[in-house]
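Novice: As input, take start-v7.pdb (PDB, C-alpha atoms, pLDDT in the B column):
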```pdb
ATOM      1  CA  GLU A  11       0.000   0.000   0.000  1.00 62.00           C
ATOM      2  CA  PRO A  12       1.539   3.379  -0.987  1.00 74.00           C
ATOM      3  CA  TYR A  13       2.345   5.988   1.639  1.00 80.00           C
ATOM      4  CA  ALA A  14       0.264   9.142   1.853  1.00 83.00           C
ATOM      5  CA  SER A  15       3.310  11.169   0.830  1.00 81.00           C
ATOM      6  CA  GLY A  16       3.239   9.436  -2.544  1.00 81.00           C
ATOM      7  CA  HIS A  17       6.801   8.122  -2.498  1.00 81.00           C
ATOM      8  CA  GLY A  18       8.866   5.487  -0.720  1.00 83.00           C
ATOM      9  CA  TYR A  19      11.401   5.743   2.071  1.00 84.00           C
ATOM     10  CA  TRP A  20      14.496   7.744   1.107  1.00 86.00           C
ATOM     11  CA  PRO A  21      17.679   6.916   3.084  1.00 87.00           C
ATOM     12  CA  ALA A  22      19.873   9.782   4.270  1.00 88.00           C
ATOM     13  CA  THR A  23      23.105   7.865   3.564  1.00 90.00           C
ATOM     14  CA  VAL A  24      24.336   5.023   1.393  1.00 90.00           C
ATOM     15  CA  SER A  25      25.072   3.011   4.546  1.00 89.00           C
ATOM     16  CA  GLU A  26      21.447   3.316   5.626  1.00 86.00           C
ATOM     17  CA  MET A  27      20.323   2.059   2.227  1.00 86.00           C
ATOM     18  CA  VAL A  28      22.417  -1.124   2.506  1.00 86.00           C
ATOM     19  CA  TYR A  29      22.257  -1.750   6.265  1.00 83.00           C
ATOM     20  CA  GLU A  30      20.447  -5.099   5.931  1.00 81.00           C
ATOM     21  CA  TRP A  31      23.076  -7.808   5.520  1.00 79.00           C
ATOM     22  CA  ASN A  32      20.758 -10.274   3.808  1.00 81.00           C
ATOM     23  CA  SER A  33      19.288  -7.864   1.274  1.00 83.00           C
ATOM     24  CA  PRO A  34      20.591  -7.950  -2.325  1.00 88.00           C
ATOM     25  CA  GLU A  35      21.917  -4.403  -2.079  1.00 87.00           C
ATOM     26  CA  GLY A  36      23.600  -5.198   1.248  1.00 88.00           C
ATOM     27  CA  ARG A  37      25.422  -8.252  -0.119  1.00 91.00           C
ATOM     28  CA  ILE A  38      26.504  -6.419  -3.286  1.00 93.00           C
ATOM     29  CA  PHE A  39      27.769  -3.427  -1.299  1.00 92.00           C
ATOM     30  CA  PHE A  40      29.737  -5.605   1.133  1.00 93.00           C
ATOM     31  CA  GLY A  41      31.223  -7.767  -1.607  1.00 94.00           C
ATOM     32  CA  PHE A  42      32.453  -4.957  -3.830  1.00 95.00           C
ATOM     33  CA  CYS A  43      33.779  -2.893  -0.917  1.00 94.00           C
ATOM     34  CA  LEU A  44      35.658  -5.905   0.462  1.00 95.00           C
ATOM     35  CA  ILE A  45      37.236  -6.552  -2.937  1.00 96.00           C
ATOM     36  CA  SER A  46      38.159  -2.858  -3.221  1.00 96.00           C
ATOM     37  CA  ALA A  47      39.760  -2.789   0.232  1.00 95.00           C
ATOM     38  CA  PHE A  48      41.750  -5.965  -0.476  1.00 96.00           C
ATOM     39  CA  LEU A  49      43.059  -4.751  -3.833  1.00 96.00           C
ATOM     40  CA  ILE A  50      43.941  -1.268  -2.577  1.00 95.00           C
ATOM     41  CA  PHE A  51      45.786  -2.675   0.431  1.00 94.00           C
ATOM     42  CA  GLN A  52      47.681  -5.283  -1.598  1.00 95.00           C
ATOM     43  CA  SER A  53      48.759  -2.714  -4.182  1.00 95.00           C
ATOM     44  CA  TRP A  54      50.835  -0.698  -1.655  1.00 95.00           C
ATOM     45  CA  TYR A  55      50.375   2.159  -4.112  1.00 93.00           C
ATOM     46  CA  PRO A  56      51.598   4.953  -1.769  1.00 94.00           C
ATOM     47  CA  TYR A  57      55.015   3.269  -1.857  1.00 93.00           C
ATOM     48  CA  GLU A  58      54.993   2.376  -5.553  1.00 92.00           C
ATOM     49  CA  LEU A  59      53.523   5.373  -7.415  1.00 91.00           C
ATOM     50  CA  ARG A  60      55.692   8.453  -7.745  1.00 91.00           C
ATOM     51  CA  ASN A  61      52.661  10.772  -7.880  1.00 91.00           C
ATOM     52  CA  VAL A  62      51.696   9.916  -4.270  1.00 91.00           C
ATOM     53  CA  PHE A  63      55.062   8.927  -2.778  1.00 91.00           C
ATOM     54  CA  THR A  64      56.012  11.559  -0.180  1.00 89.00           C
ATOM     55  CA  GLY A  65      59.172   9.828   0.995  1.00 87.00           C
ATOM     56  CA  ALA A  66      60.248  10.406   4.590  1.00 87.00           C
ATOM     57  CA  GLU A  67      57.712  13.186   5.189  1.00 86.00           C
ATOM     58  CA  VAL A  68      56.102  12.616   8.611  1.00 88.00           C
ATOM     59  CA  ILE A  69      52.850  13.978   9.992  1.00 89.00           C
ATOM     60  CA  HIS A  70      54.497  15.522  13.072  1.00 85.00           C
ATOM     61  CA  ARG A  71      57.973  14.621  14.305  1.00 83.00           C
ATOM     62  CA  ARG A  72      57.143  14.898  18.012  1.00 85.00           C
ATOM     63  CA  CYS A  73      53.418  14.340  18.456  1.00 87.00           C
ATOM     64  CA  PHE A  74      52.663  11.924  15.606  1.00 87.00           C
ATOM     65  CA  PRO A  75      55.864  10.589  13.980  1.00 90.00           C
ATOM     66  CA  ILE A  76      54.115   8.533  11.274  1.00 90.00           C
ATOM     67  CA  TYR A  77      55.072   8.656   7.609  1.00 93.00           C
ATOM     68  CA  TRP A  78      52.390  10.122   5.349  1.00 92.00           C
ATOM     69  CA  ILE A  79      52.731   7.151   2.989  1.00 94.00           C
ATOM     70  CA  THR A  80      51.984   4.800   5.910  1.00 94.00           C
ATOM     71  CA  PHE A  81      48.997   6.921   6.865  1.00 95.00           C
ATOM     72  CA  ARG A  82      47.656   6.812   3.293  1.00 94.00           C
ATOM     73  CA  GLN A  83      48.254   3.075   3.010  1.00 95.00           C
ATOM     74  CA  MET A  84      46.564   2.092   6.282  1.00 95.00           C
ATOM     75  CA  VAL A  85      43.952   4.569   7.491  1.00 95.00           C
ATOM     76  CA  PRO A  86      41.469   4.762   4.554  1.00 96.00           C
ATOM     77  CA  VAL A  87      41.544   0.991   3.959  1.00 96.00           C
ATOM     78  CA  VAL A  88      41.070   0.086   7.621  1.00 96.00           C
ATOM     79  CA  GLY A  89      38.272   2.654   7.769  1.00 95.00           C
ATOM     80  CA  LEU A  90      36.562   1.045   4.774  1.00 95.00           C
ATOM     81  CA  LEU A  91      36.803  -2.409   6.381  1.00 95.00           C
ATOM     82  CA  MET A  92      35.310  -1.061   9.623  1.00 94.00           C
ATOM     83  CA  LEU A  93      32.533   0.683   7.704  1.00 92.00           C
ATOM     84  CA  ILE A  94      31.395  -2.448   5.842  1.00 92.00           C
ATOM     85  CA  SER A  95      31.972  -4.900   8.711  1.00 91.00           C
ATOM     86  CA  VAL A  96      29.985  -2.931  11.286  1.00 90.00           C
ATOM     87  CA  SER A  97      26.889  -1.741   9.483  1.00 85.00           C
ATOM     88  CA  THR A  98      24.829   1.197  10.670  1.00 84.00           C
ATOM     89  CA  VAL A  99      21.286   0.861  11.975  1.00 78.00           C
ATOM     90  CA  PRO A 100      18.491   3.351  11.202  1.00 76.00           C
ATOM     91  CA  ALA A 101      17.520   5.352  14.275  1.00 71.00           C
ATOM     92  CA  ALA A 102      13.995   3.905  14.273  1.00 68.00           C
ATOM     93  CA  LEU A 103      15.367   0.382  14.709  1.00 73.00           C
ATOM     94  CA  ALA A 104      18.392   1.049  16.905  1.00 74.00           C
ATOM     95  CA  SER A 105      18.684  -0.294  20.447  1.00 76.00           C
ATOM     96  CA  VAL A 106      21.323   0.832  22.959  1.00 79.00           C
ATOM     97  CA  SER A 107      23.786  -1.791  21.738  1.00 80.00           C
ATOM     98  CA  ASP A 108      23.076  -0.756  18.162  1.00 80.00           C
ATOM     99  CA  GLU A 109      24.124   2.782  19.027  1.00 85.00           C
ATOM    100  CA  VAL A 110      27.598   1.476  19.906  1.00 89.00           C
ATOM    101  CA  ALA A 111      27.777  -0.206  16.501  1.00 87.00           C
ATOM    102  CA  VAL A 112      26.736   3.068  14.859  1.00 88.00           C
ATOM    103  CA  VAL A 113      29.592   4.889  16.594  1.00 90.00           C
ATOM    104  CA  VAL A 114      32.098   2.272  15.358  1.00 92.00           C
ATOM    105  CA  HIS A 115      30.622   2.596  11.870  1.00 91.00           C
ATOM    106  CA  LEU A 116      30.993   6.384  11.961  1.00 91.00           C
ATOM    107  CA  VAL A 117      34.618   6.107  13.124  1.00 94.00           C
ATOM    108  CA  GLY A 118      35.310   3.848  10.144  1.00 94.00           C
ATOM    109  CA  ALA A 119      33.595   6.292   7.795  1.00 92.00           C
ATOM    110  CA  ALA A 120      35.655   9.176   9.181  1.00 93.00           C
ATOM    111  CA  MET A 121      38.878   7.193   8.747  1.00 94.00           C
ATOM    112  CA  MET A 122      37.998   6.382   5.154  1.00 94.00           C
ATOM    113  CA  PHE A 123      36.687   9.763   3.979  1.00 93.00           C
ATOM    114  CA  VAL A 124      38.713  12.206   6.087  1.00 93.00           C
ATOM    115  CA  GLY A 125      41.823  10.009   5.984  1.00 94.00           C
ATOM    116  CA  TYR A 126      41.885   9.963   2.205  1.00 94.00           C
ATOM    117  CA  ILE A 127      41.026  13.673   1.908  1.00 94.00           C
ATOM    118  CA  VAL A 128      43.862  14.695   4.251  1.00 94.00           C
ATOM    119  CA  ALA A 129      46.383  12.407   2.516  1.00 93.00           C
ATOM    120  CA  GLU A 130      45.456  13.747  -0.925  1.00 94.00           C
ATOM    121  CA  LEU A 131      45.556  17.367   0.255  1.00 92.00           C
ATOM    122  CA  LYS A 132      49.050  16.677   1.559  1.00 91.00           C
ATOM    123  CA  CYS A 133      50.186  15.249  -1.787  1.00 90.00           C
ATOM    124  CA  LEU A 134      48.768  18.201  -3.697  1.00 89.00           C
ATOM    125  CA  GLN A 135      50.036  20.677  -1.070  1.00 87.00           C
ATOM    126  CA  MET A 136      46.591  22.250  -0.844  1.00 86.00           C
ATOM    127  CA  CYS A 137      45.096  24.110   2.143  1.00 84.00           C
ATOM    128  CA  GLY A 138      48.557  25.031   3.417  1.00 82.00           C
ATOM    129  CA  MET A 139      49.755  21.413   3.685  1.00 82.00           C
ATOM    130  CA  ALA A 140      53.108  21.895   1.941  1.00 79.00           C
ATOM    131  CA  GLY A 141      56.226  19.947   2.894  1.00 77.00           C
ATOM    132  CA  SER A 142      59.905  20.354   2.117  1.00 77.00           C
ATOM    133  CA  VAL A 143      60.758  16.635   2.232  1.00 79.00           C
ATOM    134  CA  GLN A 144      58.017  15.417  -0.103  1.00 81.00           C
ATOM    135  CA  ALA A 145      59.073  17.885  -2.814  1.00 79.00           C
ATOM    136  CA  LYS A 146      62.195  15.754  -3.370  1.00 83.00           C
ATOM    137  CA  TYR A 147      60.135  12.649  -4.159  1.00 85.00           C
ATOM    138  CA  LEU A 148      56.746  13.633  -5.601  1.00 85.00           C
ATOM    139  CA  ASP A 149      56.378  13.852  -9.360  1.00 86.00           C
ATOM    140  CA  ILE A 150      52.952  15.163 -10.390  1.00 87.00           C
ATOM    141  CA  GLU A 151      52.811  16.341 -13.975  1.00 84.00           C
ATOM    142  CA  GLY A 152      50.819  19.391 -15.143  1.00 81.00           C
ATOM    143  CA  PRO A 153      47.500  18.006 -16.454  1.00 91.00           C
ATOM    144  CA  GLU A 154      47.304  15.417 -13.668  1.00 92.00           C
ATOM    145  CA  ARG A 155      47.740  18.037 -10.957  1.00 91.00           C
ATOM    146  CA  VAL A 156      44.928  20.163 -12.378  1.00 92.00           C
ATOM    147  CA  VAL A 157      42.556  17.185 -12.595  1.00 94.00           C
ATOM    148  CA  ARG A 158      43.349  16.031  -9.058  1.00 93.00           C
ATOM    149  CA  GLU A 159      42.966  19.521  -7.624  1.00 93.00           C
ATOM    150  CA  VAL A 160      39.584  19.973  -9.329  1.00 94.00           C
ATOM    151  CA  LEU A 161      38.429  16.581  -8.031  1.00 95.00           C
ATOM    152  CA  MET A 162      39.579  17.444  -4.507  1.00 94.00           C
ATOM    153  CA  VAL A 163      37.608  20.695  -4.589  1.00 94.00           C
ATOM    154  CA  ILE A 164      34.523  18.710  -5.643  1.00 95.00           C
ATOM    155  CA  VAL A 165      35.144  16.168  -2.866  1.00 94.00           C
ATOM    156  CA  LEU A 166      35.566  18.882  -0.235  1.00 94.00           C
ATOM    157  CA  ILE A 167      32.419  20.721  -1.297  1.00 95.00           C
ATOM    158  CA  SER A 168      30.418  17.478  -1.360  1.00 95.00           C
ATOM    159  CA  TYR A 169      31.682  16.454   2.079  1.00 93.00           C
ATOM    160  CA  VAL A 170      30.839  19.854   3.584  1.00 94.00           C
ATOM    161  CA  ILE A 171      27.326  19.650   2.111  1.00 96.00           C
ATOM    162  CA  PHE A 172      26.924  16.110   3.455  1.00 94.00           C
ATOM    163  CA  CYS A 173      28.019  17.105   6.980  1.00 93.00           C
ATOM    164  CA  PHE A 174      25.766  20.177   6.904  1.00 95.00           C
ATOM    165  CA  CYS A 175      22.735  18.100   5.907  1.00 94.00           C
ATOM    166  CA  GLN A 176      23.434  15.539   8.617  1.00 92.00           C
ATOM    167  CA  VAL A 177      23.754  18.232  11.277  1.00 93.00           C
ATOM    168  CA  MET A 178      20.561  19.934  10.097  1.00 93.00           C
ATOM    169  CA  LEU A 179      18.643  16.630  10.245  1.00 90.00           C
ATOM    170  CA  VAL A 180      19.773  16.036  13.827  1.00 88.00           C
ATOM    171  CA  VAL A 181      19.150  19.618  14.954  1.00 90.00           C
ATOM    172  CA  GLY A 182      15.824  19.716  13.116  1.00 88.00           C
ATOM    173  CA  ALA A 183      14.637  16.568  14.874  1.00 85.00           C
ATOM    174  CA  MET A 184      15.539  18.053  18.276  1.00 85.00           C
ATOM    175  CA  ALA A 185      13.957  21.471  17.588  1.00 85.00           C
ATOM    176  CA  SER A 186      10.596  22.537  18.926  1.00 83.00           C
ATOM    177  CA  PRO A 187       8.608  22.307  16.775  1.00 85.00           C
ATOM    178  CA  PRO A 188      10.663  19.777  14.791  1.00 86.00           C
ATOM    179  CA  LEU A 189      11.598  20.375  11.190  1.00 86.00           C
ATOM    180  CA  CYS A 190       8.837  19.324   8.772  1.00 87.00           C
ATOM    181  CA  CYS A 191       8.278  16.566   8.042  1.00 86.00           C
ATOM    182  CA  ALA A 192      10.231  13.552   9.271  1.00 85.00           C
ATOM    183  CA  ASP A 193       9.542   9.864   8.649  1.00 84.00           C
ATOM    184  CA  VAL A 194       6.994   8.314  11.001  1.00 84.00           C
ATOM    185  CA  PHE A 195       7.602   4.849  12.408  1.00 80.00           C
ATOM    186  CA  ALA A 196       5.440   2.442  14.360  1.00 78.00           C
ATOM    187  CA  ALA A 197       7.270   2.109  17.673  1.00 68.00           C
ATOM    188  CA  GLN A 198       6.243  -1.475  18.402  1.00 61.00           C
ATOM    189  CA  ARG A 199       7.134  -2.698  14.932  1.00 57.00           C
ATOM    190  CA  ALA A 200      10.385  -0.725  14.911  1.00 56.00           C
ATOM    191  CA  LYS A 201      11.591  -2.177  18.202  1.00 58.00           C
ATOM    192  CA  ALA A 202      10.602  -5.694  17.215  1.00 50.00           C
ATOM    193  CA  GLY A 203      13.632  -5.945  14.924  1.00 53.00           C
ATOM    194  CA  VAL A 204      11.730  -5.957  11.647  1.00 57.00           C
ATOM    195  CA  ASN A 205      13.117  -4.272   8.564  1.00 67.00           C
ATOM    196  CA  LEU A 206      12.673  -0.581   7.967  1.00 71.00           C
ATOM    197  CA  ALA A 207       9.975  -0.959   5.324  1.00 69.00           C
ATOM    198  CA  ARG A 208       7.661  -2.750   7.753  1.00 71.00           C
ATOM    199  CA  ALA A 209       8.332  -0.229  10.526  1.00 76.00           C
ATOM    200  CA  THR A 210       7.618   2.830   8.369  1.00 81.00           C
ATOM    201  CA  VAL A 211       4.152   4.355   8.691  1.00 83.00           C
ATOM    202  CA  GLU A 212       4.793   7.525   6.690  1.00 86.00           C
ATOM    203  CA  THR A 213       7.774   8.808   4.740  1.00 87.00           C
ATOM    204  CA  ALA A 214       9.464  12.185   4.992  1.00 87.00           C
ATOM    205  CA  THR A 215       8.317  15.214   3.055  1.00 88.00           C
ATOM    206  CA  GLY A 216       9.202  18.904   2.788  1.00 90.00           C
ATOM    207  CA  MET A 217      12.506  20.169   4.160  1.00 92.00           C
ATOM    208  CA  VAL A 218      13.437  16.885   5.841  1.00 91.00           C
ATOM    209  CA  LEU A 219      13.080  15.020   2.555  1.00 91.00           C
ATOM    210  CA  ALA A 220      15.119  17.687   0.753  1.00 93.00           C
ATOM    211  CA  LEU A 221      17.911  17.396   3.328  1.00 94.00           C
ATOM    212  CA  LYS A 222      17.905  13.581   3.111  1.00 93.00           C
ATOM    213  CA  VAL A 223      18.104  13.623  -0.687  1.00 94.00           C
ATOM    214  CA  CYS A 224      20.862  16.228  -0.620  1.00 95.00           C
ATOM    215  CA  SER A 225      22.770  14.239   2.031  1.00 94.00           C
ATOM    216  CA  PHE A 226      22.496  11.004   0.059  1.00 93.00           C
ATOM    217  CA  LEU A 227      23.549  12.531  -3.262  1.00 94.00           C
ATOM    218  CA  SER A 228      26.465  14.489  -1.799  1.00 94.00           C
ATOM    219  CA  GLU A 229      27.805  11.364  -0.111  1.00 90.00           C
TER     220      GLU A 229
END
```
Written as structure tokens, that's how I'd like the structure from this file.
Specialist:
Amino acid sequence: EPYASGHGYWPATVSEMVYEWNSPEGRIFFGFCLISAFLIFQSWYPYELRNVFTGAEVIHRRCFPIYWITFRQMVPVVGLLMLISVSTVPAALASVSDEVAVVVHLVGAAMMFVGYIVAELKCLQMCGMAGSVQAKYLDIEGPERVVREVLMVIVLISYVIFCFCQVMLVVGAMASPPLCCADVFAAQRAKAGVNLARATVETATGMVLALKVCSFLSE
């Protein structure tokens, strides 16, 4: 039976769309991400490719004496593995223990997204992240640098939009009156561990729907 809003449930993130392990989309997402993580890790590309090899450049000699190439090799991949291994749970279905899993999932997402962004900004020496040591090793040719810088600007803008939408959804739900109009769930069905489709009574509309769509697309 269709919802009164006239459309189905729209997830706010990709992770929310594929949170069910046994669903087709969940299995496809896990499988392809696992293959990606394995291949990226086995490639050791930060050590092999001259356009990302920063040599002996360290993050901070006293506080965090880790090579940038080690950071780029480990942090995004481990974050991706955490993200797919510990799936998120929609708020309507989450118990207290599920909230812990959500935190672990978010830490993995931050390691993957922010870790890669920071490592790439360092390579491109953007946002004031220049280094004297890496200049001796890096070899980024003209057209490649322009393409990578343009892509990084797009990534940064998209990530800022995503974070803004997420914050607005949380703040809007806590406001009085709350932002119009959030999804409505049947409490008993939601807490019974059923899937999200069965727990949903009405889907989001108005500003909440716009923020969810914008969040999903920017991610």
Novice: Using only C-alpha atoms, can you tell me which of A:Phe174, A:Trp54, A:Phe81, A:Phe195 comes closest to Cys224 of chain A?
Specialist: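 With only C-alpha atoms as the atom set, the closest residue is A:Phe174.
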Novice: Identify all residues satisfying the PyMOL selection byres ((chain A and resi 116) around 12) in the given file; provide them as number ranges by chain.
Specialist: A: 23, 25-26, 89-99, 109-115, 117-124
Novice: Just checking: using all atoms listed in the file, which residue out of A:Ile127, A:Ile164, A:Val24, A:Ala140 ends up closest to Ser225 of chain A?
Specialist: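 Selected residue with least distance to Ser225 of chain A: A:Val24.
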Novice: Which one is closest to Pro188 of chain A: A:Met217, A:Glu212, A:Cys173, A:Phe226? Count only C-alpha atoms.
Specialist: A:Met217
Novice: If the PyMOL selection byres ((chain A and resi 193) around 9) were run on this exact file, what residues would it hold? Put them as a list of chain:residue names.
Specialist: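 On this input, the PyMOL selection byres ((chain A and resi 193) around 9) captures A:Tyr19, A:Cys191, A:Ala192, A:Val194, A:Phe195, A:Thr210, A:Val211, A:Glu212, A:Thr213, A:Ala214, A:Thr215, A:Val218, A:Leu219.
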Novice: Would you kindly translate the PyMOL selection byres ((chain A and resi 65) around 10) into the concrete residues it picks from this file, as a list in words?
Specialist: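 This file, filtered by the PyMOL selection byres ((chain A and resi 65) around 10), leaves Pro56, Tyr57, Arg60, Val62, Phe63, Thr64, Ala66, Glu67, Val68, Tyr77, Trp78, Ile79, Val143, Gln144, Ala145, Lys146, Tyr147 and Leu148 of chain A.
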Novice: Deliver the residues from the most recent selection as a file, using C-alpha atoms, as an mmCIF file, in the frame of the given file.
Specialist:
```
data_model
loop_
_atom_site.group_PDB
_atom_site.id
_atom_site.type_symbol
_atom_site.label_atom_id
_atom_site.label_comp_id
_atom_site.auth_asym_id
_atom_site.auth_seq_id
_atom_site.Cartn_x
_atom_site.Cartn_y
_atom_site.Cartn_z
ATOM 1 C CA PRO A 56 51.598 4.953 -1.769
ATOM 2 C CA TYR A 57 55.015 3.269 -1.857
ATOM 3 C CA ARG A 60 55.692 8.453 -7.745
ATOM 4 C CA VAL A 62 51.696 9.916 -4.270
ATOM 5 C CA PHE A 63 55.062 8.927 -2.778
ATOM 6 C CA THR A 64 56.012 11.559 -0.180
ATOM 7 C CA ALA A 66 60.248 10.406 4.590
ATOM 8 C CA GLU A 67 57.712 13.186 5.189
ATOM 9 C CA VAL A 68 56.102 12.616 8.611
ATOM 10 C CA TYR A 77 55.072 8.656 7.609
ATOM 11 C CA TRP A 78 52.390 10.122 5.349
ATOM 12 C CA ILE A 79 52.731 7.151 2.989
ATOM 13 C CA VAL A 143 60.758 16.635 2.232
ATOM 14 C CA GLN A 144 58.017 15.417 -0.103
ATOM 15 C CA ALA A 145 59.073 17.885 -2.814
ATOM 16 C CA LYS A 146 62.195 15.754 -3.370
ATOM 17 C CA TYR A 147 60.135 12.649 -4.159
ATOM 18 C CA LEU A 148 56.746 13.633 -5.601
#
```
Novice: Report the distance between atom CA of Glu229 of chain A and atom CA of Phe172 of chain A in Å, rounded to one decimal place.
Specialist: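 For atom CA of Glu229 of chain A relative to atom CA of Phe172 of chain A, the distance reads 6.0 Å.
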Novice: Of the candidates A:Cys190, A:Tyr13, A:Lys132, A:Asp149, which shows the shortest atom-to-atom distance to Arg208 of chain A, using only C-alpha atoms?
Specialist: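 Closest candidate: A:Tyr13.
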Novice: Go through A:Leu221, A:Leu227, A:Ile50, A:Ala14 one by one, measure the shortest atom-to-atom distance of each to Val177 of chain A using all atoms listed in the file, and give the residue with the smallest value.
Specialist: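 The answer is A:Leu221, which sits nearest to Val177 of chain A.
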Novice: To one decimal place in Å, what is the distance between atom CA of Val157 of chain A and atom CA of Phe39 of chain A?
Specialist: 27.8 Å
Novice: Kindly indicate which residue among A:Arg155, A:Ser168, A:Met178, A:Ile69 lies nearest to Met139 of chain A, using all atoms listed in the file for the distances.
Specialist: A:Ile69
Novice: Edge lengths and centre in Å to one decimal, as lines of an AutoDock Vina configuration file, is what I'm after for the box along x, y and z that holds all listed atoms of segment 217-225 of chain A once 3 Å is added on each side.
Specialist:
```
center_x = 17.6
center_y = 16.9
center_z = 2.6
size_x = 16.3
size_y = 12.6
size_z = 12.5
```
Novice: Provide the atom CA of Ile167 of chain A to atom CA of Cys137 of chain A distance in Å, to one decimal place.
Specialist: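 A separation of 13.6 Å between them.
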